[in-house]
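Printed here is protein_13.cif (mmCIF, C-alpha atoms):
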```cif
data_upload
#
loop_
_atom_site.label_atom_id
_atom_site.label_comp_id
_atom_site.auth_asym_id
_atom_site.auth_seq_id
_atom_site.Cartn_x
_atom_site.Cartn_y
_atom_site.Cartn_z
CA MET A 1 288.63 181.01 -27.79
CA SER A 2 292.02 179.33 -28.08
CA GLU A 3 290.48 176.08 -26.89
CA ASN A 4 286.98 174.78 -27.16
CA PHE A 5 284.99 173.75 -24.15
CA GLU A 6 282.48 171.55 -25.88
CA LEU A 7 281.15 170.29 -22.58
CA GLY A 8 279.19 173.45 -21.95
CA SER A 9 278.66 174.70 -25.45
CA GLN A 10 275.53 173.00 -26.73
CA LEU A 11 274.01 172.69 -23.28
CA ARG A 12 274.43 176.37 -22.59
CA GLU A 13 272.85 177.31 -25.90
CA PHE A 14 269.95 174.99 -25.13
CA LEU A 15 269.41 176.31 -21.62
CA LYS A 16 270.11 179.93 -22.38
CA GLY A 17 266.53 181.07 -22.12
CA LEU A 18 266.15 179.36 -18.76
CA LEU A 19 269.23 180.59 -16.97
CA ASP A 20 269.23 183.83 -15.05
CA GLU A 21 272.94 184.48 -15.41
CA LYS A 22 272.87 187.65 -13.37
CA GLY A 23 271.23 186.01 -10.43
CA HIS A 24 273.40 182.94 -10.89
CA SER A 25 276.75 184.64 -10.63
CA HIS A 26 276.27 187.58 -8.34
CA GLN A 27 274.25 187.72 -5.18
CA GLY A 28 274.28 191.41 -4.50
CA GLY A 29 277.75 191.87 -3.10
CA VAL A 30 280.56 194.20 -4.03
CA GLU A 31 280.69 195.61 -7.57
CA TRP A 32 284.05 196.96 -8.73
CA GLY A 33 282.55 198.61 -11.80
CA PRO A 34 279.60 198.66 -14.20
CA ARG A 35 277.49 195.54 -14.68
CA VAL A 36 277.11 194.31 -18.27
CA ASN A 37 273.57 193.43 -19.33
CA LEU A 38 273.82 189.84 -20.54
CA SER A 39 270.48 189.56 -22.26
CA GLY A 40 270.77 188.86 -25.96
CA LEU A 41 274.55 188.54 -25.95
CA LYS A 42 275.83 185.93 -28.41
CA GLU A 43 278.03 183.11 -27.08
CA ASN A 44 281.38 182.86 -28.88
CA TYR A 45 283.42 179.66 -28.88
CA LYS A 46 286.52 178.44 -30.65
CA GLY A 47 286.13 178.83 -34.39
CA THR A 48 284.45 182.23 -34.23
CA LYS A 49 286.11 184.50 -36.79
CA VAL A 50 287.66 187.53 -35.11
CA GLU A 51 288.69 190.61 -37.09
CA PRO A 52 291.87 192.26 -35.81
CA TYR A 53 291.84 195.99 -34.93
CA THR A 54 288.05 196.01 -34.76
CA ALA A 55 285.67 197.00 -31.95
CA THR A 56 283.84 193.67 -32.09
CA PRO A 57 280.07 193.70 -31.42
CA ALA A 58 278.96 192.62 -27.94
CA GLY A 59 279.10 188.98 -26.94
CA ILE A 60 280.19 186.40 -24.42
CA ASP A 61 283.64 184.94 -25.05
CA ASN A 62 284.51 181.46 -23.83
CA LEU A 63 288.28 181.55 -23.51
CA ALA A 64 291.01 179.24 -22.34
CA LEU A 65 293.14 180.67 -19.56
CA HIS A 66 296.53 179.77 -18.15
CA SER A 67 298.19 181.40 -15.22
CA THR A 68 301.20 180.93 -12.98
CA ASP A 69 300.52 182.30 -9.51
CA VAL A 70 303.02 182.74 -6.72
CA PHE A 71 301.72 182.54 -3.17
CA THR A 72 303.81 183.74 -0.26
CA ILE A 73 303.09 182.17 3.10
CA PRO A 74 304.83 184.26 5.79
CA GLY A 75 307.55 182.26 7.48
CA LYS A 76 307.16 179.38 5.02
CA GLY A 77 308.26 180.78 1.69
CA GLU A 78 306.91 180.99 -1.82
CA TYR A 79 304.75 178.50 -3.66
CA SER A 80 304.45 178.71 -7.42
CA VAL A 81 301.49 176.97 -9.04
CA ASP A 82 300.57 176.59 -12.72
CA PHE A 83 296.87 176.83 -13.38
CA SER A 84 294.84 176.13 -16.47
CA GLY A 85 291.17 176.24 -17.30
CA TYR A 86 288.75 178.70 -18.84
CA PHE A 87 286.88 181.89 -18.23
CA ARG A 88 283.83 183.54 -19.74
CA VAL A 89 283.91 187.24 -20.48
CA ALA A 90 280.74 189.24 -21.20
CA ARG A 91 281.54 192.17 -23.46
CA ASP A 92 279.09 195.05 -23.67
CA HIS A 93 278.30 196.92 -26.89
CA PRO A 94 281.25 199.10 -27.95
CA THR A 95 280.61 202.84 -27.62
CA THR A 96 281.95 203.38 -31.16
CA THR A 97 283.15 201.03 -33.92
CA ASP A 98 286.39 203.00 -34.34
CA TRP A 99 289.53 201.28 -32.97
CA THR A 100 290.95 204.63 -31.79
CA THR A 101 287.91 205.88 -29.86
CA PHE A 102 285.84 202.89 -28.70
CA SER A 103 285.31 201.84 -25.12
CA ILE A 104 283.92 198.48 -24.02
CA PHE A 105 282.87 197.39 -20.54
CA VAL A 106 283.34 193.74 -19.60
CA ASN A 107 282.45 191.41 -16.75
CA ILE A 108 284.00 188.05 -15.98
CA ILE A 109 280.93 185.85 -15.51
CA ASP A 110 282.62 182.51 -14.96
CA LEU A 111 286.13 181.32 -14.25
CA ARG A 112 287.49 177.82 -13.51
CA LEU A 113 291.15 177.09 -13.08
CA TYR A 114 292.83 174.00 -11.73
CA GLY A 115 296.35 173.48 -10.44
CA LYS A 116 298.30 171.12 -8.25
CA HIS A 117 301.21 171.69 -5.89
CA LYS A 118 303.18 168.90 -4.22
CA GLU A 119 302.83 170.44 -0.76
CA LEU A 120 299.54 172.34 -1.05
CA GLY A 121 297.69 169.64 -2.98
CA ASN A 122 294.94 170.37 -5.50
CA ILE A 123 293.87 173.95 -5.97
CA ALA A 124 290.62 174.98 -7.68
CA VAL A 125 290.05 178.62 -8.57
CA SER A 126 286.58 179.99 -9.14
CA LEU A 127 284.90 183.38 -9.36
CA ASN A 128 283.96 184.88 -5.98
CA PRO A 129 280.12 185.03 -6.09
CA GLU A 130 280.15 187.99 -3.65
CA ILE A 131 282.05 190.23 -6.06
CA LEU A 132 281.24 191.43 -9.58
CA SER A 133 284.52 191.20 -11.54
CA THR A 134 284.49 194.14 -13.92
CA GLY A 135 286.76 195.65 -16.51
CA GLN A 136 287.15 197.79 -19.57
CA LEU A 137 288.79 197.79 -22.99
CA PHE A 138 290.44 201.06 -23.98
CA PRO A 139 291.07 202.30 -27.54
CA ALA A 140 294.41 202.28 -29.34
CA ALA A 141 296.24 205.48 -30.26
CA THR A 142 296.30 204.52 -33.96
CA ALA A 143 294.26 202.36 -36.35
CA ARG A 144 296.84 199.53 -36.17
CA GLY A 145 297.98 200.22 -32.60
CA ALA A 146 297.41 198.09 -29.52
CA ALA A 147 294.29 198.51 -27.41
CA LYS A 148 294.43 197.96 -23.65
CA CYS A 149 292.38 195.92 -21.26
CA ARG A 150 291.97 195.81 -17.50
CA ILE A 151 289.73 193.51 -15.46
CA ALA A 152 289.42 193.64 -11.68
CA THR A 153 288.91 190.06 -10.59
CA GLY A 154 287.71 188.52 -7.34
CA VAL A 155 288.33 184.80 -6.98
CA VAL A 156 288.35 181.99 -4.44
CA PHE A 157 291.17 179.44 -4.25
CA ASP A 158 289.90 176.18 -2.78
CA LEU A 159 292.56 174.00 -1.17
CA PRO A 160 290.66 170.85 -0.17
CA GLN A 161 293.69 168.95 1.18
CA LEU A 162 294.43 171.84 3.52
CA GLY A 163 290.77 172.26 4.43
CA LEU A 164 290.62 175.92 3.56
CA SER A 165 289.67 178.54 1.02
CA VAL A 166 291.61 181.66 0.20
CA PHE A 167 290.16 184.77 -1.40
CA ASN A 168 291.09 188.33 -2.29
CA LYS A 169 289.23 191.41 -0.99
CA GLU A 170 291.11 193.80 -3.25
CA PRO A 171 291.05 193.09 -6.98
CA ILE A 172 293.52 190.87 -8.75
CA LEU A 173 293.97 193.29 -11.63
CA LEU A 174 294.38 191.45 -14.92
CA MET A 175 295.85 193.77 -17.50
CA ASN A 176 296.95 193.58 -21.10
CA GLU A 177 298.52 196.49 -22.95
CA HIS A 178 298.93 194.64 -26.24
CA VAL A 179 295.42 193.84 -27.43
CA THR A 180 295.20 193.58 -31.23
CA SER A 181 291.83 191.86 -31.48
CA ILE A 182 288.69 191.55 -29.37
CA PRO A 183 288.70 189.02 -27.89
CA PRO A 184 292.46 188.39 -27.88
CA VAL A 185 292.25 185.01 -29.68
CA ASP A 186 295.80 183.79 -29.57
CA ASP A 187 296.49 184.55 -25.96
CA PRO A 188 294.03 186.21 -23.61
CA ASN A 189 296.60 186.04 -20.84
CA GLY A 190 298.02 189.38 -19.89
CA HIS A 191 299.59 189.76 -16.50
CA ALA A 192 298.43 190.75 -13.06
CA LEU A 193 299.25 194.12 -11.48
CA LEU A 194 299.83 193.31 -7.82
CA PHE A 195 301.95 194.40 -4.89
CA MET A 196 301.82 192.05 -1.94
CA LEU A 197 298.10 191.44 -2.30
CA ALA A 198 296.68 189.88 0.83
CA ALA A 199 294.93 186.50 0.77
CA PHE A 200 292.19 186.00 3.33
CA PHE A 201 291.51 182.56 4.74
CA GLU A 202 288.36 180.68 5.50
CA ARG A 203 288.16 177.25 7.11
CA ARG A 204 286.00 174.92 5.07
CA MET B 1 304.64 213.82 11.16
CA SER B 2 306.61 216.02 8.80
CA GLU B 3 304.23 218.88 9.56
CA ASN B 4 302.17 219.60 12.59
CA PHE B 5 298.46 220.06 12.40
CA GLU B 6 298.05 221.95 15.63
CA LEU B 7 294.44 222.72 14.81
CA GLY B 8 293.29 219.26 15.70
CA SER B 9 295.97 218.22 18.12
CA GLN B 10 294.90 219.51 21.52
CA LEU B 11 291.23 219.31 20.65
CA ARG B 12 291.48 215.70 19.58
CA GLU B 13 293.36 214.76 22.76
CA PHE B 14 290.68 216.50 24.79
CA LEU B 15 287.77 214.85 23.00
CA LYS B 16 289.35 211.46 22.60
CA GLY B 17 287.22 209.73 25.19
CA LEU B 18 284.06 211.13 23.63
CA LEU B 19 284.61 210.28 19.99
CA ASP B 20 283.53 206.97 18.54
CA GLU B 21 286.12 206.92 15.80
CA LYS B 22 284.97 203.64 14.34
CA GLY B 23 281.40 204.77 13.95
CA HIS B 24 282.56 208.14 12.75
CA SER B 25 284.62 206.98 9.82
CA HIS B 26 282.98 203.85 8.56
CA GLN B 27 279.32 203.13 8.22
CA GLY B 28 279.44 199.43 7.54
CA GLY B 29 280.41 199.38 3.88
CA VAL B 30 283.19 197.61 2.04
CA GLU B 31 286.30 196.53 3.97
CA TRP B 32 289.42 195.84 1.90
CA GLY B 33 291.23 194.21 4.83
CA PRO B 34 291.34 193.87 8.62
CA ARG B 35 289.97 196.65 10.82
CA VAL B 36 292.37 198.09 13.41
CA ASN B 37 290.96 198.46 16.92
CA LEU B 38 291.48 202.15 17.73
CA SER B 39 290.80 201.99 21.45
CA GLY B 40 293.79 203.02 23.53
CA LEU B 41 295.97 203.95 20.56
CA LYS B 42 298.24 206.93 21.27
CA GLU B 43 298.05 209.95 18.94
CA ASN B 44 301.41 210.88 17.43
CA TYR B 45 302.10 214.36 16.08
CA LYS B 46 305.13 216.19 14.82
CA GLY B 47 307.91 216.03 17.39
CA THR B 48 307.32 212.42 18.33
CA LYS B 49 310.68 210.66 18.41
CA VAL B 50 310.78 207.79 15.89
CA GLU B 51 313.46 205.08 16.06
CA PRO B 52 314.59 203.86 12.65
CA TYR B 53 314.49 200.12 11.83
CA THR B 54 312.11 199.47 14.72
CA ALA B 55 308.65 197.91 14.79
CA THR B 56 307.13 200.91 16.58
CA PRO B 57 304.38 200.20 19.16
CA ALA B 58 300.80 200.81 17.98
CA GLY B 59 299.52 204.35 17.55
CA ILE B 60 297.75 206.85 15.36
CA ASP B 61 300.07 208.90 13.15
CA ASN B 62 299.05 212.35 11.99
CA LEU B 63 301.05 212.86 8.82
CA ALA B 64 301.36 215.49 6.14
CA LEU B 65 300.67 214.20 2.64
CA HIS B 66 301.43 215.52 -0.82
CA SER B 67 300.37 213.96 -4.06
CA THR B 68 300.30 214.71 -7.77
CA ASP B 69 297.39 212.96 -9.43
CA VAL B 70 296.73 212.70 -13.15
CA PHE B 71 293.12 212.42 -14.27
CA THR B 72 292.28 211.32 -17.80
CA ILE B 73 288.94 212.49 -19.16
CA PRO B 74 288.20 210.49 -22.34
CA GLY B 75 288.14 212.77 -25.36
CA LYS B 76 289.38 215.73 -23.31
CA GLY B 77 292.89 214.79 -22.25
CA GLU B 78 294.90 214.66 -19.07
CA TYR B 79 294.65 216.91 -16.04
CA SER B 80 297.47 216.95 -13.52
CA VAL B 81 296.72 218.32 -10.07
CA ASP B 82 299.01 218.86 -7.07
CA PHE B 83 297.39 218.07 -3.76
CA SER B 84 298.50 218.71 -0.22
CA GLY B 85 297.00 218.06 3.18
CA TYR B 86 297.17 215.37 5.80
CA PHE B 87 296.10 211.87 6.68
CA ARG B 88 295.77 209.87 9.86
CA VAL B 89 296.99 206.30 9.96
CA ALA B 90 296.00 203.89 12.73
CA ARG B 91 298.74 201.31 13.26
CA ASP B 92 297.91 198.11 15.08
CA HIS B 93 300.27 196.40 17.51
CA PRO B 94 303.22 194.81 15.66
CA THR B 95 303.17 191.00 15.66
CA THR B 96 306.86 190.97 16.73
CA THR B 97 309.35 193.71 17.64
CA ASP B 98 311.93 192.34 15.20
CA TRP B 99 312.45 194.40 12.01
CA THR B 100 312.91 191.24 9.92
CA THR B 101 309.80 189.36 11.03
CA PHE B 102 307.16 191.89 12.20
CA SER B 103 303.86 192.55 10.52
CA ILE B 104 301.61 195.55 11.22
CA PHE B 105 298.07 196.17 10.00
CA VAL B 106 297.02 199.76 9.35
CA ASN B 107 293.85 201.68 8.50
CA ILE B 108 293.63 205.18 7.08
CA ILE B 109 291.08 206.79 9.39
CA ASP B 110 291.10 210.32 7.99
CA LEU B 111 292.43 212.00 4.87
CA ARG B 112 292.09 215.58 3.64
CA LEU B 113 293.80 216.88 0.54
CA TYR B 114 293.22 220.08 -1.35
CA GLY B 115 294.20 221.04 -4.86
CA LYS B 116 293.24 223.49 -7.57
CA HIS B 117 293.21 223.21 -11.35
CA LYS B 118 292.61 226.13 -13.69
CA GLU B 119 289.92 224.29 -15.65
CA LEU B 120 288.50 221.91 -13.03
CA GLY B 121 288.48 224.42 -10.16
CA ASN B 122 288.96 223.47 -6.52
CA ILE B 123 289.29 219.80 -5.68
CA ALA B 124 288.87 218.42 -2.17
CA VAL B 125 289.83 214.82 -1.46
CA SER B 126 288.45 212.96 1.52
CA LEU B 127 288.19 209.38 2.71
CA ASN B 128 285.21 207.46 1.27
CA PRO B 129 283.05 206.72 4.33
CA GLU B 130 281.61 203.62 2.60
CA ILE B 131 285.02 201.92 2.40
CA LEU B 132 287.50 200.88 5.09
CA SER B 133 290.95 201.79 3.71
CA THR B 134 293.29 199.09 4.94
CA GLY B 135 296.92 198.18 4.62
CA GLN B 136 299.91 196.37 5.99
CA LEU B 137 303.58 196.93 6.79
CA PHE B 138 305.88 194.05 5.83
CA PRO B 139 309.24 193.22 7.41
CA ALA B 140 312.66 193.91 5.89
CA ALA B 141 314.98 191.13 4.73
CA THR B 142 317.78 192.36 7.03
CA ALA B 143 318.09 194.35 10.28
CA ARG B 144 319.01 197.56 8.37
CA GLY B 145 317.00 196.77 5.24
CA ALA B 146 313.90 198.53 3.97
CA ALA B 147 310.46 197.45 5.11
CA LYS B 148 307.50 197.71 2.75
CA CYS B 149 304.05 199.20 3.07
CA ARG B 150 300.81 198.95 1.09
CA ILE B 151 297.52 200.68 1.81
CA ALA B 152 294.37 200.20 -0.27
CA THR B 153 292.63 203.55 -0.24
CA GLY B 154 289.09 204.61 -1.15
CA VAL B 155 288.58 208.34 -1.58
CA VAL B 156 286.13 210.90 -2.90
CA PHE B 157 287.24 213.84 -5.05
CA ASP B 158 284.79 216.72 -4.67
CA LEU B 159 284.74 219.17 -7.58
CA PRO B 160 282.31 221.87 -6.45
CA GLN B 161 282.72 224.12 -9.51
CA LEU B 162 281.77 221.20 -11.75
CA GLY B 163 278.95 220.12 -9.44
CA LEU B 164 280.15 216.57 -9.08
CA SER B 165 282.04 214.07 -7.00
CA VAL B 166 284.34 211.37 -8.29
CA PHE B 167 285.27 208.23 -6.42
CA ASN B 168 287.10 204.94 -6.88
CA LYS B 169 285.48 201.50 -6.47
CA GLU B 170 288.77 199.64 -6.78
CA PRO B 171 291.56 200.62 -4.38
CA ILE B 172 294.04 203.37 -5.07
CA LEU B 173 296.98 201.29 -3.87
CA LEU B 174 299.50 203.42 -2.03
CA MET B 175 302.80 201.59 -1.80
CA ASN B 176 306.25 202.24 -0.45
CA GLU B 177 309.12 199.78 -0.81
CA HIS B 178 311.65 201.92 1.04
CA VAL B 179 310.37 202.23 4.60
CA THR B 180 313.20 202.75 7.11
CA SER B 181 311.11 203.92 10.05
CA ILE B 182 307.52 203.56 11.26
CA PRO B 183 305.96 205.94 10.54
CA PRO B 184 308.10 207.18 7.64
CA VAL B 185 308.85 210.58 9.17
CA ASP B 186 310.66 212.38 6.39
CA ASP B 187 308.36 211.42 3.59
CA PRO B 188 305.29 209.24 3.98
CA ASN B 189 304.63 209.61 0.27
CA GLY B 190 305.28 206.45 -1.70
CA HIS B 191 303.58 206.06 -5.02
CA ALA B 192 300.33 204.62 -6.30
CA LEU B 193 300.16 201.32 -8.18
CA LEU B 194 297.48 201.91 -10.80
CA PHE B 195 296.60 200.93 -14.34
CA MET B 196 293.81 202.99 -15.85
CA LEU B 197 291.79 203.00 -12.65
CA ALA B 198 288.22 204.07 -13.31
CA ALA B 199 286.70 207.10 -11.62
CA PHE B 200 282.96 206.97 -11.00
CA PHE B 201 280.88 210.11 -11.04
CA GLU B 202 278.09 211.35 -8.87
CA ARG B 203 276.12 214.55 -9.42
CA ARG B 204 276.06 216.63 -6.28
#
```
Transcribe the structure of this file into structure tokens.
Amino acid sequence: MSENFELGSQLREFLKGLLDEKGHSHQGGVEWGPRVNLSGLKENYKGTKVEPYTATPAGIDNLALHSTDVFTIPGKGEYSVDFSGYFRVARDHPTTTDWTTFSIFVNIIDLRLYGKHKELGNIAVSLNPEILSTGQLFPAATARGAAKCRIATGVVFDLPQLGLSVFNKEPILLMNEHVTSIPPVDDPNGHALLFMLAAFFERR
Amino acid sequence: MSENFELGSQLREFLKGLLDEKGHSHQGGVEWGPRVNLSGLKENYKGTKVEPYTATPAGIDNLALHSTDVFTIPGKGEYSVDFSGYFRVARDHPTTTDWTTFSIFVNIIDLRLYGKHKELGNIAVSLNPEILSTGQLFPAATARGAAKCRIATGVVFDLPQLGLSVFNKEPILLMNEHVTSIPPVDDPNGHALLFMLAAFFERR
């Protein structure tokens, strides 16, 4: 929501009835949590008014995303890459409207990030179609307290100059313990909870 | 290795040629990493001499395990349970014998923990047969430095008094950043890297 992706906005609205988003994104692979039913969910773009400390009604958020990822290649060292792009988060209906008791399930239904490294070349990140990336928003302890969010994410890093793709089999866990609005408008970027997560390779 | 499980020791040695351990533990479900080939791996029990700071040759370690797990049931609070039991870890051949460069892949091939809670009743933990629990040992920075270990674990908590089973779809990540021998003889218990990991329920 912090940037607008006009490219897809009108087109998506227009085609909405025609797209089978479930079939499109996930081809019956691994599911790390509950699937959100996308039918009837409103698309939210930049400019949507978001009330703080409110269990916002269900919808699909189109959000800008930035990330700095560090890759370790054994024997070669560490490679830090800045990525930017967007992701789309489908939020299910909140279980209650109360900020201190609600629960909301989410799925990441699209994700595109681009980065460039002087040795690795261009890197494109996209959602792994074999995995349903799932998460949850948890209530705050008080009416003006911070809610929490976790999303288990499965992605593919394409490295065309190196002729390979890299993907995770365990979740990249995106977490945010300081959520004051849904979606987090100013900065949806929490951090990742990882410990030496393995990257698996595939020749392209 | 810190306790002996004599029950299985002689029997397992005797039956070793007859058991198909791969088929036994994993029925073709999710694999969170590489599978270790179990054929020819030596069983290690209490009393096996373990050299510190050494990339130990491949084997299957039978280790005692203790764990304190905290379950949060929304609206009901937190339940802390002490578990004890054992697990079996299959270690693949190290890639090098040098403590500062080796890598070793591991699988948890059996896990049994028991605990009791005054409200929840008896709780039995076992390996989820649908998931291959996989991990890796990473080298130390120096010849007398600490190696690191991570194992992504999928388990089932059986709660017979409540008539249900609980399991994780994302890994319970067991990690240890202070490994000075392989296996860690004195205390194989690192800690778990979690953030509000969801438990899924199944009526029994």
If the cut-off is 12 Å, can you tell me the residues of chain B near chain A, counting only C-alpha atoms? I'd like them as a VMD selection string. chain B and resid 29 to 34 74 to 76 100 to 103 105 130 to 139 141 148 to 154 167 to 177 191 to 201
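Picture a line from CA of Pro57 in chain B to CA of Val179 in chain B; it runs 15.9 Å.
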Name the residues that the PyMOL selection byres ((chain B and resi 60) around 7) picks from the file above, as a PDB file with C-alpha atoms, in the frame of the given file, using the file's chain letters and numbers.
```
ATOM      1  CA  LEU B  41     295.970 203.950  20.560  1.00  0.00           C
ATOM      2  CA  LYS B  42     298.240 206.930  21.270  1.00  0.00           C
ATOM      3  CA  GLU B  43     298.050 209.950  18.940  1.00  0.00           C
ATOM      4  CA  ASN B  44     301.410 210.880  17.430  1.00  0.00           C
ATOM      5  CA  GLY B  59     299.520 204.350  17.550  1.00  0.00           C
ATOM      6  CA  ASP B  61     300.070 208.900  13.150  1.00  0.00           C
ATOM      7  CA  ASN B  62     299.050 212.350  11.990  1.00  0.00           C
ATOM      8  CA  ARG B  88     295.770 209.870   9.860  1.00  0.00           C
ATOM      9  CA  VAL B  89     296.990 206.300   9.960  1.00  0.00           C
ATOM     10  CA  ALA B  90     296.000 203.890  12.730  1.00  0.00           C
ATOM     11  CA  ARG B  91     298.740 201.310  13.260  1.00  0.00           C
TER      12      ARG B  91
END
```
Please expand the PyMOL selection byres ((chain B and resi 116-118) around 12) into the concrete residues it hits in this file, giving the result as a compact mmCIF listing (two decimals) with C-alpha atoms, in the frame of the given file.
```txt
# COMPACT_ATOMS: atom_id res chain seq x y z
CA THR B 68 300.30 214.71 -7.77
CA ASP B 69 297.39 212.96 -9.43
CA VAL B 70 296.73 212.70 -13.15
CA PHE B 71 293.12 212.42 -14.27
CA GLU B 78 294.90 214.66 -19.07
CA TYR B 79 294.65 216.91 -16.04
CA SER B 80 297.47 216.95 -13.52
CA VAL B 81 296.72 218.32 -10.07
CA ASP B 82 299.01 218.86 -7.07
CA PHE B 83 297.39 218.07 -3.76
CA SER B 84 298.50 218.71 -0.22
CA LEU B 113 293.80 216.88 0.54
CA TYR B 114 293.22 220.08 -1.35
CA GLY B 115 294.20 221.04 -4.86
CA GLU B 119 289.92 224.29 -15.65
CA LEU B 120 288.50 221.91 -13.03
CA GLY B 121 288.48 224.42 -10.16
CA ASN B 122 288.96 223.47 -6.52
CA ILE B 123 289.29 219.80 -5.68
CA ALA B 124 288.87 218.42 -2.17
CA VAL B 125 289.83 214.82 -1.46
CA PHE B 157 287.24 213.84 -5.05
CA ASP B 158 284.79 216.72 -4.67
CA LEU B 159 284.74 219.17 -7.58
CA PRO B 160 282.31 221.87 -6.45
CA GLN B 161 282.72 224.12 -9.51
CA LEU B 162 281.77 221.20 -11.75
```
Quick one: pull the distance between CA of Asn37 in chain B and CA of Asn107 in chain B, Å, one decimal. 9.5 Å
Please identify all polymer residues within 8 Å of Leu127 in chain A, counting all atoms listed in the file, omitting same-chain residues fewer than 6 positions from it, and present them as a ChimeraX atom specification. /A:109-112,153-156
Which residues would end up in the selection if the PyMOL selection byres ((chain B and resi 144) around 9) were applied here, given that I need the answer as JSON, numbers by chain? {"B": [52, 53, 99, 100, 140, 141, 142, 143, 145, 146, 180]}
Now that the selection is made, can you save its residues with C-alpha atoms as a PDB file, in the frame of the given file?
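Now in out_15.pdb:
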```pdb
ATOM      1  CA  PRO B  52     314.590 203.860  12.650  1.00  0.00           C
ATOM      2  CA  TYR B  53     314.490 200.120  11.830  1.00  0.00           C
ATOM      3  CA  TRP B  99     312.450 194.400  12.010  1.00  0.00           C
ATOM      4  CA  THR B 100     312.910 191.240   9.920  1.00  0.00           C
ATOM      5  CA  ALA B 140     312.660 193.910   5.890  1.00  0.00           C
ATOM      6  CA  ALA B 141     314.980 191.130   4.730  1.00  0.00           C
ATOM      7  CA  THR B 142     317.780 192.360   7.030  1.00  0.00           C
ATOM      8  CA  ALA B 143     318.090 194.350  10.280  1.00  0.00           C
ATOM      9  CA  GLY B 145     317.000 196.770   5.240  1.00  0.00           C
ATOM     10  CA  ALA B 146     313.900 198.530   3.970  1.00  0.00           C
ATOM     11  CA  THR B 180     313.200 202.750   7.110  1.00  0.00           C
TER      12      THR B 180
END
```
One number please: CA of Gly163 in chain B to CA of Asn128 in chain B, in Å, one decimal. 17.7 Å
Could you work out an axis-aligned box for range 172-180 of chain A, taking every atom the file lists and adding 3 Å on each side, and report centre and edge lengths in Å to one decimal, as AutoDock Vina command-line options?
```
--center_x 296.2 --center_y 193.7 --center_z -20.0 --size_x 11.4 --size_y 11.6 --size_z 28.5
```
